[in-house]
$ cat data-v2.pdb   # PDB, C-alpha atoms
MODEL        1
ATOM      1  CA  MET M  55      11.930  14.112 -13.067
ATOM      2  CA  VAL M  56      12.942  13.358  -9.492
ATOM      3  CA  ILE M  57      12.141   9.983  -7.926
ATOM      4  CA  VAL M  58      13.434   9.092  -4.459
ATOM      5  CA  ASN M  59      15.728   6.048  -4.593
ATOM      6  CA  ASN M  60      17.253   6.149  -1.093
ATOM      7  CA  TYR M  61      15.413   3.896   1.380
ATOM      8  CA  VAL M  62      16.080   5.953   4.521
ATOM      9  CA  LEU M  63      15.000   9.177   2.836
ATOM     10  CA  ALA M  64      11.917   7.455   1.413
ATOM     11  CA  VAL M  65      10.822   6.215   4.846
ATOM     12  CA  ILE M  66      11.307   9.700   6.321
ATOM     13  CA  LEU M  67       9.173  11.138   3.521
ATOM     14  CA  CYS M  68       6.523   8.474   4.156
ATOM     15  CA  PHE M  69       6.138   9.944   7.637
ATOM     16  CA  VAL M  70       5.666  13.317   5.934
ATOM     17  CA  ILE M  71       2.928  11.756   3.761
ATOM     18  CA  MET M  72       1.095  10.540   6.857
ATOM     19  CA  LEU M  73       1.390  13.950   8.502
ATOM     20  CA  CYS M  74       0.181  15.755   5.363
ATOM     21  CA  TRP M  75      -2.872  13.562   4.835
ATOM     22  CA  GLY M  76      -3.760  13.667   8.512
ATOM     23  CA  SER M  77      -3.104  17.376   9.066
ATOM     24  CA  TRP M  78      -4.581  19.337   6.174
ATOM     25  CA  GLY M  79      -7.928  19.421   8.027
ATOM     26  CA  ASN M  80      -6.343  21.796  10.554
ATOM     27  CA  THR M  81      -6.498  24.556   7.956
ATOM     28  CA  GLN M  82     -10.256  24.016   7.676
ATOM     29  CA  LYS M  83     -10.548  24.269  11.455
ATOM     30  CA  LEU M  84      -8.546  27.506  11.405
ATOM     31  CA  ALA M  85     -10.623  29.005   8.593
ATOM     32  CA  ALA M  86     -13.894  27.919  10.245
ATOM     33  CA  LYS M  87     -13.547  30.702  12.825
ATOM     34  CA  SER M  88     -14.724  33.166  10.183
ATOM     35  CA  TRP M  89     -15.293  31.113   7.023
ATOM     36  CA  ARG M  90     -17.824  28.488   6.005
ATOM     37  CA  TYR M  91     -16.341  25.216   4.789
ATOM     38  CA  GLU M  92     -18.001  25.619   1.363
ATOM     39  CA  LEU M  93     -15.985  28.817   0.853
ATOM     40  CA  PHE M  94     -12.841  27.301   2.361
ATOM     41  CA  TYR M  95     -13.108  24.425  -0.088
ATOM     42  CA  TRP M  96     -12.641  26.672  -3.119
ATOM     43  CA  ASP M  97      -9.313  27.888  -1.746
ATOM     44  CA  TYR M  98      -8.381  24.307  -0.849
ATOM     45  CA  VAL M  99      -8.904  23.153  -4.447
ATOM     46  CA  ILE M 100      -7.055  26.149  -5.892
ATOM     47  CA  GLY M 101      -4.157  25.398  -3.559
ATOM     48  CA  MET M 102      -4.070  21.796  -4.816
ATOM     49  CA  VAL M 103      -3.867  22.883  -8.461
ATOM     50  CA  LEU M 104      -1.206  25.550  -7.889
ATOM     51  CA  PHE M 105       0.995  23.245  -5.824
ATOM     52  CA  ALA M 106       0.670  20.409  -8.353
ATOM     53  CA  LEU M 107       1.833  22.811 -11.097
ATOM     54  CA  LEU M 108       4.708  24.017  -8.909
ATOM     55  CA  LEU M 109       5.898  20.438  -8.393
ATOM     56  CA  ALA M 110       5.474  19.605 -12.087
ATOM     57  CA  PHE M 111       7.618  22.514 -13.302
ATOM     58  CA  THR M 112      10.324  21.889 -10.699
ATOM     59  CA  LEU M 113      10.829  18.313  -9.451
ATOM     60  CA  GLY M 114       8.754  16.948 -12.328
ATOM     61  CA  SER M 115      10.882  18.635 -14.982
ATOM     62  CA  PHE M 116      14.421  17.881 -13.767
ATOM     63  CA  GLY M 117      16.322  14.700 -12.915
ATOM     64  CA  HIS M 118      17.103  11.479 -14.755
ATOM     65  CA  ASP M 119      14.040   9.277 -14.147
ATOM     66  CA  GLY M 120      11.156   9.157 -16.596
ATOM     67  CA  GLU M 121      10.022  11.957 -18.893
ATOM     68  CA  PRO M 122       9.960  15.646 -17.888
ATOM     69  CA  PHE M 123       6.519  17.132 -17.272
ATOM     70  CA  LEU M 124       5.909  19.046 -20.511
ATOM     71  CA  GLN M 125       7.122  16.176 -22.686
ATOM     72  CA  ASN M 126       5.063  13.651 -20.754
ATOM     73  CA  ILE M 127       1.781  15.572 -20.612
ATOM     74  CA  LYS M 128       1.837  16.008 -24.401
ATOM     75  CA  GLY M 129       2.141  12.267 -24.877
ATOM     76  CA  VAL M 130      -0.396  11.030 -22.324
ATOM     77  CA  SER M 131      -3.165   9.211 -24.184
ATOM     78  CA  ALA M 132      -6.746  10.471 -24.141
ATOM     79  CA  ALA M 133      -7.838   7.328 -22.306
ATOM     80  CA  ASN M 134      -5.308   7.884 -19.513
ATOM     81  CA  TRP M 135      -6.296  11.546 -19.284
ATOM     82  CA  GLY M 136      -9.849  10.326 -18.835
ATOM     83  CA  TRP M 137      -8.995   7.798 -16.104
ATOM     84  CA  ILE M 138      -7.085  10.355 -14.053
ATOM     85  CA  LEU M 139      -9.723  13.069 -14.513
ATOM     86  CA  LEU M 140     -12.391  10.569 -13.409
ATOM     87  CA  GLY M 141     -10.316   9.841 -10.310
ATOM     88  CA  GLY M 142     -10.233  13.565  -9.566
ATOM     89  CA  VAL M 143     -14.006  13.898  -9.939
ATOM     90  CA  ILE M 144     -14.685  10.936  -7.618
ATOM     91  CA  PHE M 145     -12.168  12.207  -5.081
ATOM     92  CA  ASN M 146     -13.744  15.654  -5.121
ATOM     93  CA  ALA M 147     -17.211  14.281  -4.418
ATOM     94  CA  SER M 148     -15.862  12.269  -1.479
ATOM     95  CA  ASN M 149     -13.686  15.060  -0.112
ATOM     96  CA  ILE M 150     -16.481  17.645  -0.154
ATOM     97  CA  LEU M 151     -18.531  15.254   1.958
ATOM     98  CA  LEU M 152     -15.534  14.649   4.251
ATOM     99  CA  SER M 153     -15.081  18.412   4.654
ATOM    100  CA  ALA M 154     -18.784  18.775   5.446
ATOM    101  CA  SER M 155     -18.472  16.036   8.049
ATOM    102  CA  THR M 156     -15.398  17.725   9.541
ATOM    103  CA  SER M 157     -17.277  21.019   9.848
ATOM    104  CA  ILE M 158     -20.127  19.272  11.684
ATOM    105  CA  ALA M 159     -18.564  16.413  13.668
ATOM    106  CA  GLY M 160     -14.876  17.417  13.813
ATOM    107  CA  MET M 161     -11.615  15.884  12.585
ATOM    108  CA  SER M 162     -11.561  13.194  15.275
ATOM    109  CA  VAL M 163     -14.824  11.767  13.909
ATOM    110  CA  ALA M 164     -14.770  12.509  10.170
ATOM    111  CA  PHE M 165     -11.305  11.178   9.355
ATOM    112  CA  PRO M 166     -11.349   7.851  11.250
ATOM    113  CA  LEU M 167     -14.859   7.084   9.984
ATOM    114  CA  GLY M 168     -14.467   8.288   6.389
ATOM    115  CA  VAL M 169     -10.864   7.366   5.634
ATOM    116  CA  GLY M 170     -11.086   4.246   7.820
ATOM    117  CA  LEU M 171     -14.027   2.961   5.791
ATOM    118  CA  ALA M 172     -12.164   3.801   2.568
ATOM    119  CA  LEU M 173      -9.286   1.671   3.869
ATOM    120  CA  VAL M 174     -11.579  -1.285   4.585
ATOM    121  CA  LEU M 175     -13.293  -1.141   1.189
ATOM    122  CA  GLY M 176     -10.004  -0.497  -0.616
ATOM    123  CA  VAL M 177      -8.398  -3.583   0.925
ATOM    124  CA  ALA M 178     -11.439  -5.725   0.073
ATOM    125  CA  ASN M 179     -11.555  -4.441  -3.501
ATOM    126  CA  ASN M 180      -7.827  -5.002  -3.985
ATOM    127  CA  TYR M 181      -8.095  -8.612  -2.794
ATOM    128  CA  ILE M 182     -11.131  -9.376  -4.986
ATOM    129  CA  VAL M 183      -9.359  -8.004  -8.068
ATOM    130  CA  ASN M 184      -5.776  -9.166  -7.466
ATOM    131  CA  HIS M 185      -6.062 -11.985  -4.861
ATOM    132  CA  THR M 186      -2.890 -10.743  -3.195
ATOM    133  CA  GLY M 187      -2.114 -11.062   0.498
ATOM    134  CA  ASN M 188      -2.919 -13.537   3.253
ATOM    135  CA  PRO M 189      -6.741 -13.732   3.357
ATOM    136  CA  VAL M 190      -6.876 -14.655   7.055
ATOM    137  CA  LEU M 191      -4.690 -11.727   8.145
ATOM    138  CA  LEU M 192      -6.543  -9.399   5.768
ATOM    139  CA  ALA M 193      -9.926 -10.427   7.165
ATOM    140  CA  ALA M 194      -8.705 -10.054  10.755
ATOM    141  CA  GLY M 195      -7.186  -6.640  10.020
ATOM    142  CA  VAL M 196     -10.318  -5.375   8.285
ATOM    143  CA  ALA M 197     -12.450  -6.646  11.180
ATOM    144  CA  LEU M 198     -10.338  -4.716  13.704
ATOM    145  CA  VAL M 199     -10.564  -1.521  11.636
ATOM    146  CA  VAL M 200     -14.351  -1.971  11.490
ATOM    147  CA  VAL M 201     -14.410  -2.293  15.298
ATOM    148  CA  ALA M 202     -12.361   0.927  15.510
ATOM    149  CA  ILE M 203     -14.880   2.693  13.264
ATOM    150  CA  VAL M 204     -17.751   1.435  15.433
ATOM    151  CA  CYS M 205     -15.992   2.673  18.605
ATOM    152  CA  ASN M 206     -15.555   6.095  17.005
ATOM    153  CA  GLY M 207     -19.210   6.207  15.968
ATOM    154  CA  ILE M 208     -20.421   5.301  19.457
ATOM    155  CA  ALA M 209     -18.075   7.865  21.022
ATOM    156  CA  SER M 210     -19.432  10.506  18.672
ATOM    157  CA  GLY M 211     -22.992   9.667  19.723
ATOM    158  CA  LYS M 212     -22.095  10.057  23.407
ATOM    159  CA  LYS M 213     -20.030  13.207  22.851
ATOM    160  CA  GLY M 214     -20.673  15.906  25.448
ATOM    161  CA  GLY M 215     -19.871  19.587  25.898
ATOM    162  CA  SER M 216     -20.735  20.474  22.312
ATOM    163  CA  ASP M 217     -23.132  22.971  20.800
ATOM    164  CA  VAL M 218     -23.759  20.547  17.923
ATOM    165  CA  GLY M 219     -27.040  18.708  18.374
ATOM    166  CA  GLY M 220     -27.486  14.958  18.165
ATOM    167  CA  ALA M 221     -29.229  15.137  14.775
ATOM    168  CA  GLU M 222     -26.385  17.189  13.304
ATOM    169  CA  ARG M 223     -23.764  14.825  14.749
ATOM    170  CA  ARG M 224     -25.561  11.913  13.115
ATOM    171  CA  LYS M 225     -25.573  13.814   9.846
ATOM    172  CA  GLY M 226     -21.801  14.325  10.212
ATOM    173  CA  VAL M 227     -21.307  10.581  10.764
ATOM    174  CA  ILE M 228     -23.433   9.684   7.722
ATOM    175  CA  LEU M 229     -21.537  12.160   5.524
ATOM    176  CA  ALA M 230     -18.213  10.653   6.651
ATOM    177  CA  LEU M 231     -19.399   7.130   5.823
ATOM    178  CA  VAL M 232     -20.637   8.117   2.351
ATOM    179  CA  ALA M 233     -17.341   9.949   1.782
ATOM    180  CA  GLY M 234     -15.472   6.791   2.733
ATOM    181  CA  VAL M 235     -17.357   4.671   0.209
ATOM    182  CA  LEU M 236     -16.563   7.103  -2.615
ATOM    183  CA  MET M 237     -12.955   7.587  -1.483
ATOM    184  CA  SER M 238     -12.222   3.877  -1.799
ATOM    185  CA  PHE M 239     -12.554   4.065  -5.608
ATOM    186  CA  PHE M 240     -10.681   7.124  -6.884
ATOM    187  CA  SER M 241      -7.096   5.886  -6.491
ATOM    188  CA  SER M 242      -7.532   2.880  -8.781
ATOM    189  CA  PHE M 243      -8.508   5.174 -11.660
ATOM    190  CA  VAL M 244      -5.487   7.419 -11.139
ATOM    191  CA  MET M 245      -3.169   4.405 -10.969
ATOM    192  CA  ARG M 246      -4.656   3.087 -14.197
ATOM    193  CA  GLY M 247      -3.752   6.350 -15.906
ATOM    194  CA  MET M 248      -0.207   5.915 -14.597
ATOM    195  CA  GLY M 249       0.086   2.400 -16.011
ATOM    196  CA  ASN M 250      -1.110   0.531 -12.862
ATOM    197  CA  VAL M 251       0.889  -0.299  -9.739
ATOM    198  CA  ASP M 252       3.828  -1.735 -11.674
ATOM    199  CA  ALA M 253       4.495   1.651 -13.231
ATOM    200  CA  VAL M 254       4.799   3.247  -9.814
ATOM    201  CA  ALA M 255       7.282   0.563  -8.748
ATOM    202  CA  ASP M 256       9.451   1.026 -11.840
ATOM    203  CA  ALA M 257      10.587   4.553 -12.651
ATOM    204  CA  ALA M 258      11.632   3.461 -16.149
ATOM    205  CA  LYS M 259       7.959   3.043 -17.026
ATOM    206  CA  PHE M 260       7.162   6.662 -16.223
ATOM    207  CA  ALA M 261       6.656   7.667 -19.845
ATOM    208  CA  ALA M 262       3.896   8.313 -22.385
ATOM    209  CA  PRO M 263       1.261   7.106 -23.056
ATOM    210  CA  TYR M 264       1.120   6.868 -19.243
ATOM    211  CA  ALA M 265       1.346   9.822 -16.865
ATOM    212  CA  THR M 266       4.284  10.365 -14.527
ATOM    213  CA  PRO M 267       3.423  11.053 -10.864
ATOM    214  CA  TYR M 268       3.822  14.789 -11.452
ATOM    215  CA  THR M 269       1.714  14.800 -14.619
ATOM    216  CA  ALA M 270      -0.924  12.689 -12.887
ATOM    217  CA  ALA M 271      -1.063  15.167  -9.992
ATOM    218  CA  VAL M 272      -1.725  18.048 -12.393
ATOM    219  CA  ILE M 273      -4.398  16.205 -14.394
ATOM    220  CA  PHE M 274      -5.988  14.915 -11.196
ATOM    221  CA  THR M 275      -6.249  18.366  -9.597
ATOM    222  CA  LEU M 276      -7.668  19.796 -12.821
ATOM    223  CA  GLY M 277     -10.397  17.147 -12.584
ATOM    224  CA  VAL M 278     -11.054  18.243  -9.004
ATOM    225  CA  LEU M 279     -11.224  21.907 -10.036
ATOM    226  CA  ALA M 280     -13.538  21.313 -13.005
ATOM    227  CA  SER M 281     -15.967  19.194 -10.994
ATOM    228  CA  ASN M 282     -15.913  21.706  -8.161
ATOM    229  CA  PHE M 283     -17.878  24.185 -10.267
ATOM    230  CA  LEU M 284     -20.748  21.690 -10.139
ATOM    231  CA  PHE M 285     -20.360  19.976  -6.762
ATOM    232  CA  ASN M 286     -19.436  22.930  -4.600
ATOM    233  CA  THR M 287     -21.878  25.300  -6.299
ATOM    234  CA  VAL M 288     -24.690  22.884  -5.442
ATOM    235  CA  VAL M 289     -23.474  22.584  -1.835
ATOM    236  CA  MET M 290     -23.207  26.377  -1.534
ATOM    237  CA  LYS M 291     -26.822  26.752  -2.620
ATOM    238  CA  LYS M 292     -28.077  23.677  -0.730
ATOM    239  CA  PRO M 293     -25.750  23.368   2.299
ATOM    240  CA  PHE M 294     -25.909  20.384   4.618
ATOM    241  CA  VAL M 295     -26.061  22.749   7.599
ATOM    242  CA  GLY M 296     -26.774  26.478   7.819
ATOM    243  CA  GLU M 297     -27.858  29.108   5.337
ATOM    244  CA  PRO M 298     -26.767  29.182   1.673
ATOM    245  CA  VAL M 299     -23.566  31.063   0.845
ATOM    246  CA  SER M 300     -22.744  33.024  -2.297
ATOM    247  CA  TYR M 301     -19.746  33.703  -4.508
ATOM    248  CA  SER M 302     -19.872  37.348  -3.459
ATOM    249  CA  GLN M 303     -19.125  36.182   0.098
ATOM    250  CA  TYR M 304     -16.164  34.219  -1.200
ATOM    251  CA  PHE M 305     -14.651  37.198  -3.020
ATOM    252  CA  ALA M 306     -15.211  39.364   0.065
ATOM    253  CA  GLY M 307     -12.899  37.123   2.122
ATOM    254  CA  SER M 308      -9.552  38.444   3.351
ATOM    255  CA  ALA M 309      -6.257  37.466   1.742
ATOM    256  CA  GLY M 310      -5.197  35.684   4.923
ATOM    257  CA  THR M 311      -8.319  33.541   4.963
ATOM    258  CA  HIS M 312      -7.853  32.577   1.313
ATOM    259  CA  LEU M 313      -4.211  31.675   1.928
ATOM    260  CA  VAL M 314      -5.142  29.365   4.809
ATOM    261  CA  GLY M 315      -7.397  27.353   2.488
ATOM    262  CA  MET M 316      -4.751  27.228  -0.254
ATOM    263  CA  LEU M 317      -2.242  26.010   2.319
ATOM    264  CA  GLY M 318      -4.584  23.118   3.124
ATOM    265  CA  GLY M 319      -4.737  22.107  -0.543
ATOM    266  CA  ALA M 320      -0.962  22.372  -0.892
ATOM    267  CA  ILE M 321      -0.439  20.157   2.168
ATOM    268  CA  TRP M 322      -2.731  17.449   0.785
ATOM    269  CA  CYS M 323      -1.128  17.655  -2.666
ATOM    270  CA  LEU M 324       2.379  17.358  -1.211
ATOM    271  CA  GLY M 325       1.428  14.159   0.613
ATOM    272  CA  THR M 326      -0.123  12.651  -2.503
ATOM    273  CA  ALA M 327       2.839  13.497  -4.740
ATOM    274  CA  LEU M 328       5.285  12.068  -2.201
ATOM    275  CA  SER M 329       3.267   8.849  -2.001
ATOM    276  CA  TYR M 330       4.037   8.250  -5.692
ATOM    277  CA  ILE M 331       7.651   9.381  -5.881
ATOM    278  CA  THR M 332       8.769   7.423  -2.791
ATOM    279  CA  SER M 333       6.974   4.145  -3.459
ATOM    280  CA  LYS M 334       9.856   2.548  -5.392
ATOM    281  CA  ALA M 335      12.446   3.012  -2.628
ATOM    282  CA  ALA M 336      10.257   2.579   0.452
ATOM    283  CA  GLY M 337       8.385  -0.461  -0.794
ATOM    284  CA  PRO M 338       4.609  -0.907  -0.871
ATOM    285  CA  ALA M 339       4.252  -2.231   2.696
ATOM    286  CA  VAL M 340       6.018   0.679   4.406
ATOM    287  CA  SER M 341       4.438   3.281   2.135
ATOM    288  CA  TYR M 342       0.963   1.835   2.641
ATOM    289  CA  ALA M 343       1.312   1.448   6.416
ATOM    290  CA  LEU M 344       2.467   4.979   7.064
ATOM    291  CA  GLY M 345       0.049   6.579   4.595
ATOM    292  CA  GLN M 346      -2.954   4.849   6.130
ATOM    293  CA  GLY M 347      -1.944   6.134   9.560
ATOM    294  CA  ALA M 348      -3.334   9.520   8.509
ATOM    295  CA  PRO M 349      -6.769   9.050  10.184
ATOM    296  CA  MET M 350      -5.044   8.547  13.518
ATOM    297  CA  ILE M 351      -3.012  11.728  13.010
ATOM    298  CA  ALA M 352      -6.253  13.601  12.321
ATOM    299  CA  ALA M 353      -7.884  12.039  15.383
ATOM    300  CA  ILE M 354      -4.934  13.093  17.554
ATOM    301  CA  TRP M 355      -5.279  16.668  16.301
ATOM    302  CA  GLY M 356      -9.027  16.619  16.946
ATOM    303  CA  VAL M 357      -8.918  15.053  20.401
ATOM    304  CA  PHE M 358      -5.824  16.624  21.922
ATOM    305  CA  VAL M 359      -5.396  19.958  20.114
ATOM    306  CA  TRP M 360      -8.889  21.047  19.084
ATOM    307  CA  LYS M 361     -10.511  19.429  22.160
ATOM    308  CA  GLU M 362     -13.437  18.168  20.097
ATOM    309  CA  PHE M 363     -14.508  15.798  22.874
ATOM    310  CA  LYS M 364     -14.099  18.287  25.713
ATOM    311  CA  GLY M 365     -16.759  17.789  28.379
ATOM    312  CA  SER M 366     -17.320  14.132  27.515
ATOM    313  CA  GLY M 367     -17.368  11.380  30.146
ATOM    314  CA  LYS M 368     -14.692   8.798  30.888
ATOM    315  CA  ASN M 369     -16.566   6.175  28.897
ATOM    316  CA  VAL M 370     -16.233   8.307  25.757
ATOM    317  CA  TYR M 371     -12.475   8.652  26.196
ATOM    318  CA  ALA M 372     -12.273   4.896  26.833
ATOM    319  CA  LEU M 373     -13.989   4.334  23.475
ATOM    320  CA  LEU M 374     -11.538   6.710  21.791
ATOM    321  CA  GLY M 375      -8.650   4.800  23.339
ATOM    322  CA  LEU M 376     -10.066   1.547  21.974
ATOM    323  CA  MET M 377     -10.481   3.212  18.582
ATOM    324  CA  PHE M 378      -6.776   4.068  18.456
ATOM    325  CA  LEU M 379      -5.812   0.581  19.646
ATOM    326  CA  PHE M 380      -8.015  -1.341  17.216
ATOM    327  CA  PHE M 381      -7.117   0.872  14.260
ATOM    328  CA  VAL M 382      -3.361   0.454  14.783
ATOM    329  CA  ALA M 383      -3.715  -3.302  15.372
ATOM    330  CA  GLY M 384      -5.921  -3.741  12.296
ATOM    331  CA  LEU M 385      -3.601  -1.704  10.092
ATOM    332  CA  SER M 386      -0.609  -3.748  11.298
ATOM    333  CA  LEU M 387      -2.338  -7.009  10.320
ATOM    334  CA  ILE M 388      -3.277  -5.641   6.891
ATOM    335  CA  VAL M 389       0.326  -4.620   6.229
ATOM    336  CA  ALA M 390       1.582  -8.017   7.471
ATOM    337  CA  ALA M 391      -0.875  -9.749   5.117
ATOM    338  CA  GLY M 392       0.336  -7.685   2.169
ATOM    339  CA  ALA M 393       3.996  -8.310   3.007
TER     340      ALA M 393
ENDMDL
END
$ encode --input "data-v2.pdb" --output "structure tokens"
Amino acid sequence: MVIVNNYVLAVILCFVIMLCWGSWGNTQKLAAKSWRYELFYWDYVIGMVLFALLLAFTLGSFGHDGEPFLQNIKGVSAANWGWILLGGVIFNASNILLSASTSIAGMSVAFPLGVGLALVLGVANNYIVNHTGNPVLLAAGVALVVVAIVCNGIASGKKGGSDVGGAERRKGVILALVAGVLMSFFSSFVMRGMGNVDAVADAAKFAAPYATPYTAAVIFTLGVLASNFLFNTVVMKKPFVGEPVSYSQYFAGSAGTHLVGMLGGAIWCLGTALSYITSKAAGPAVSYALGQGAPMIAAIWGVFVWKEFKGSGKNVYALLGLMFLFFVAGLSLIVAAGA
């Protein structure tokens, strides 16, 4: 399989990771013009699975590092299959809620709140388990990210020029926060199925009974797909906002609309796969810093491209400016603590 070993190339690809994780929501915004997010989400998940398989049978099957995909997936232990599938199920629950929040409150609210909270809880959980990093810098960084999340929440509450009512905006904020709590857990299960963090840092350990990054991506997306038959079916019948939607509506969608959703899943999957295959060369600090910049990319899309805060007062834009400032400062301290 292919693992990136060149530092410069790895750093460039880390920027791609950040762009992928922060930009896939644009496909949901595009599809929303004629397509409910519950229907979009099916295409999104299908796109994830297809792209994971494409990577597995290409980059995951050639090269000199680790085992090729078909050899590896046959040797992955049942326990490691279970850990990665569980990670996919937890991720799917969180991401459905994040998508619901995006459809209600917009990218500039859902991503900073949801993924920002996942960052805070993930850092805290990592320190409790591993006791790694400078505790003072970690605490200061987490505190600044929390302030950024609060600024975003207040800005959302004061948002003007929108046809979304205050009650619905609050629902969008709550969904993002619940999504963030769930999202903080899934990665640890996937990493366990890959042989923990040390396996990612050492390509020689990419072998059965552990999953390679490409095998893990396939198993993970299969867990997302399987759980989607439960989670998304329930949400279709009991939507957070609007009338129920049916599978007949999904199959009546145009090919172009379906492809937009699949593109979103492929974009997310590309970012996730790159985060594993570049980690050895880029180093954990650089990889982590750039990957966690994704909420700010999403916020930039939402504020400046989709104009989600159009019609709001100067005080709202001041709060958004503080959100960007505090989030970047907090993330910098967290990375410095880890380094």
$ closest_atom_pairs --input "data-v2.pdb" --of "region 273-353 of chain M" --to "region 148-159 of chain M" --cutoff "10 Å" --atoms "only C-alpha atoms" --output "CSV"
residue,atom,partner,partner_atom,distance
M:Val278,CA,M:Asn149,CA,9.8
M:Asn282,CA,M:Ile150,CA,9.0
M:Phe285,CA,M:Ile150,CA,8.0
M:Asn286,CA,M:Ile150,CA,7.5
M:Val289,CA,M:Ile150,CA,8.7
M:Pro293,CA,M:Ala154,CA,8.9
M:Phe294,CA,M:Ala154,CA,7.4
M:Val295,CA,M:Ile158,CA,8.0
$ residues_around --input "data-v2.pdb" --residues "Ser131 (chain M)" --least-positions-apart "4" --cutoff "7 Å" --atoms "only C-alpha atoms" --output "PyMOL selection string"
chain M and resi 135+263-264
$ resolve_selection --input "data-v2.pdb" --expression "the PyMOL selection byres ((chain M and resi 317) around 10)" --output "list in words"
Trp78, Thr81, Gln82, Asp97, Tyr98, Val99, Ile100, Gly101, Met102, Phe105, His312, Leu313, Val314, Gly315, Met316, Gly318, Gly319, Ala320, Ile321, Trp322 and Cys323 of chain M
$ write_last_selection --input "data-v2.pdb" --atoms "C-alpha atoms" --output "CSV table (one decimal), keeping the file's coordinate frame"
chain,number,residue,atom,x,y,z
M,78,TRP,CA,-4.6,19.3,6.2
M,81,THR,CA,-6.5,24.6,8.0
M,82,GLN,CA,-10.3,24.0,7.7
M,97,ASP,CA,-9.3,27.9,-1.7
M,98,TYR,CA,-8.4,24.3,-0.8
M,99,VAL,CA,-8.9,23.2,-4.4
M,100,ILE,CA,-7.1,26.1,-5.9
M,101,GLY,CA,-4.2,25.4,-3.6
M,102,MET,CA,-4.1,21.8,-4.8
M,105,PHE,CA,1.0,23.2,-5.8
M,312,HIS,CA,-7.9,32.6,1.3
M,313,LEU,CA,-4.2,31.7,1.9
M,314,VAL,CA,-5.1,29.4,4.8
M,315,GLY,CA,-7.4,27.4,2.5
M,316,MET,CA,-4.8,27.2,-0.3
M,318,GLY,CA,-4.6,23.1,3.1
M,319,GLY,CA,-4.7,22.1,-0.5
M,320,ALA,CA,-1.0,22.4,-0.9
M,321,ILE,CA,-0.4,20.2,2.2
M,322,TRP,CA,-2.7,17.4,0.8
M,323,CYS,CA,-1.1,17.7,-2.7
$ atom_distance --input "data-v2.pdb" --atom1 "CA of Pro267 (chain M)" --atom2 "CA of Tyr330 (chain M)"
5.9 Å
$ closest_residue --input "data-v2.pdb" --among "M:Ala353, M:Ala390, M:Val204, M:Ala348" --to "Leu73 (chain M)" --atoms "only C-alpha atoms"
M:Ala348
$ residues_near_point --input "data-v2.pdb" --point "(-5.2, 3.6, -15.6)" --cutoff "12 Å" --atoms "only C-alpha atoms" --output "MDAnalysis selection string"
chainID M and resid 130:141 240:254 263:266 270
$ closest_residue --input "data-v2.pdb" --among "M:Ile57, M:Met290, M:Ala164, M:Leu93" --to "Ala352 (chain M)" --atoms "only C-alpha atoms"
M:Ala164
$ closest_residue --input "data-v2.pdb" --among "M:Ile182, M:Val299, M:Val174, M:Gly325" --to "Trp75 (chain M)" --atoms "only C-alpha atoms"
M:Gly325
$ resolve_selection --input "data-v2.pdb" --expression "the PyMOL selection byres ((chain M and resi 354) around 12)" --output "number ranges by chain"
M: 73, 76-77, 79-80, 160-163, 165-166, 347-353, 355-363, 374-375, 377-378
$ residues_around --input "data-v2.pdb" --residues "Leu191 (chain M)" --least-positions-apart "3" --cutoff "10 Å" --atoms "only C-alpha atoms" --output "ChimeraX atom specification"
/M:187-188,194-197,384,386-392
$ resolve_selection --input "data-v2.pdb" --expression "the PyMOL selection byres ((chain M and resi 202) around 8)" --output "ChimeraX atom specification"
/M:198-201,203-206,376-381
$ closest_residue --input "data-v2.pdb" --among "M:Asn369, M:Leu231, M:Val56, M:Ile66" --to "Tyr268 (chain M)" --atoms "all atoms listed in the file"
M:Val56
$ closest_residue --input "data-v2.pdb" --among "M:Leu124, M:Val227, M:Val103, M:Ala193" --to "Ala280 (chain M)" --atoms "all atoms listed in the file"
M:Val103
$ residues_around --input "data-v2.pdb" --residues "Ile71 (chain M)" --least-positions-apart "5" --cutoff "7 Å" --atoms "all atoms listed in the file" --output "ChimeraX atom specification"
/M:325,328-329,345
$ closest_residue --input "data-v2.pdb" --among "M:Leu276, M:Thr332, M:Ala172, M:Ser88" --to "Val58 (chain M)" --atoms "all atoms listed in the file"
M:Thr332
